[in-house]
Amino acid sequence: MNIPETGRSVWRPTADGLDPMNEALSAIDRALVGDANILEVGCGTGVMAERIHALPGVTLVATDFSTRFVELAAARGVDARQADICYLPFDDGSFDVVYAGWMLHHIRDLERALNQVRRVLRPGGTFVAVTNGNEHLADLRIAAGGKRNITQFSSETGESVLRRRFGDVRRQDLETRAVFPDHASAQAHLDSSGQGLVLPSFEGVREYTGHVTVFEAR
């Protein structure tokens, strides 16, 4: 699904200038040997799909469960189709790379979804997955009376989950920053989660810590 458009503008790279989406694109690029078929699951509005599509020698299919997101991704000039990751409509071994950005923690049946990913990957193919850690924006949520967001596929659990299906799993952990220009913008970000959290008022700019992991599995 990728990072929601409404929240993208607040994010800053790591202290040494690394951006998770750029690192994920680099991981995909490293997996390419000549012409390649790539599948993106949970493409959202197609921000990442557009970048993958621009890689030389790539044939991309971008999928999302939401028909509206498929329409928005298709408007970017990519081959976008409605599909459920738990029931991928592709033959075994159809893709050299599968990419899932910030979406596996939402899946109702993670085991089935990952089995489908493994099935449509060719032998030796690469799965690139990006997810957040338990500490991602924990300082913001706790300040608003909430708690850490513990999910089924996170920086903490992702490696062990992937190792049940892939022999080689590598990870890159990134500490990003969310910079909010004022209280209203920080509260709006919290409101987008639908958890009803209320952040005490503050003046000026506030910065909170993000924790992201890019996994490469083959």
# chains A, B, ... in the order shown; residues from 1 in each chain; ligands from 1

$ select_by_dssp --residues "stretch 18-118 of chain A" --states "strand (DSSP E)" --output "PyMOL selection string"
chain A and resi 36-41+58-64+80-82+95-101

$ residues_around --residues "A:Leu88" --least-positions-apart "4" --cutoff "7 Å" --atoms "only C-alpha atoms" --output "list in words"
Ala83, Asp84 and Gln116 of chain A

$ residues_around --residues "stretch 31-43 of chain A" --least-positions-apart "4" --cutoff "9 Å" --atoms "only C-alpha atoms" --output "ChimeraX atom specification"
/A:1-2,26-27,47-49,52-53,56-66,69-70,73,80,83-85,94-104,125-126

$ atom_distance --atom1 "atom CA of A:Arg165" --atom2 "atom CA of A:His106"
19.5 Å

$ closest_residue --among "A:Ala144, A:Thr151, A:Arg68, A:Pro123" --to "A:Pro200" --atoms "only C-alpha atoms"
A:Ala144

$ atom_distance --atom1 "atom CA of A:Ser201" --atom2 "atom CA of A:Gln187"
9.2 Å

$ atom_distance --atom1 "atom CA of A:Gly167" --atom2 "atom CA of A:Arg218"
6.4 Å

$ select_by_dssp --residues "stretch 11-201 of chain A" --states "alpha helix (DSSP H)" --output "ChimeraX atom specification"
/A:20-30,47-53,67-74,110-120,138-143,158-163,183-191

$ closest_residue --among "A:Leu197, A:Thr67, A:Asp168, A:His211" --to "A:Lys147" --atoms "only C-alpha atoms"
A:Leu197

$ closest_residue --among "A:Arg171, A:Arg108, A:Arg163, A:Arg118" --to "A:Glu23" --atoms "only C-alpha atoms"
A:Arg171

$ residues_around --residues "A:Tyr87" --least-positions-apart "5" --cutoff "10 Å" --atoms "only C-alpha atoms" --output "VMD selection string"
chain A and resid 112 to 113 115 to 117

$ write_last_selection --atoms "C-alpha atoms" --output "compact mmCIF listing (two decimals), in the first residue's frame"
# COMPACT_ATOMS: atom_id res chain seq x y z
CA ARG A 112 -1.63 -17.57 2.90
CA ALA A 113 -0.42 -14.27 1.44
CA ASN A 115 2.59 -18.67 0.38
CA GLN A 116 1.12 -16.94 -2.67
CA VAL A 117 4.17 -14.69 -2.96

$ closest_residue --among "A:Ser160, A:Asn22, A:Asn132, A:Ser9" --to "A:Ala178" --atoms "only C-alpha atoms"
A:Ser9

$ closest_residue --among "A:Asp16, A:Glu111, A:Asp79, A:Asp92" --to "A:Phe153" --atoms "only C-alpha atoms"
A:Glu111

$ closest_residue --among "A:Val161, A:Val128, A:Leu190, A:Val169" --to "A:Ala143" --atoms "only C-alpha atoms"
A:Leu190
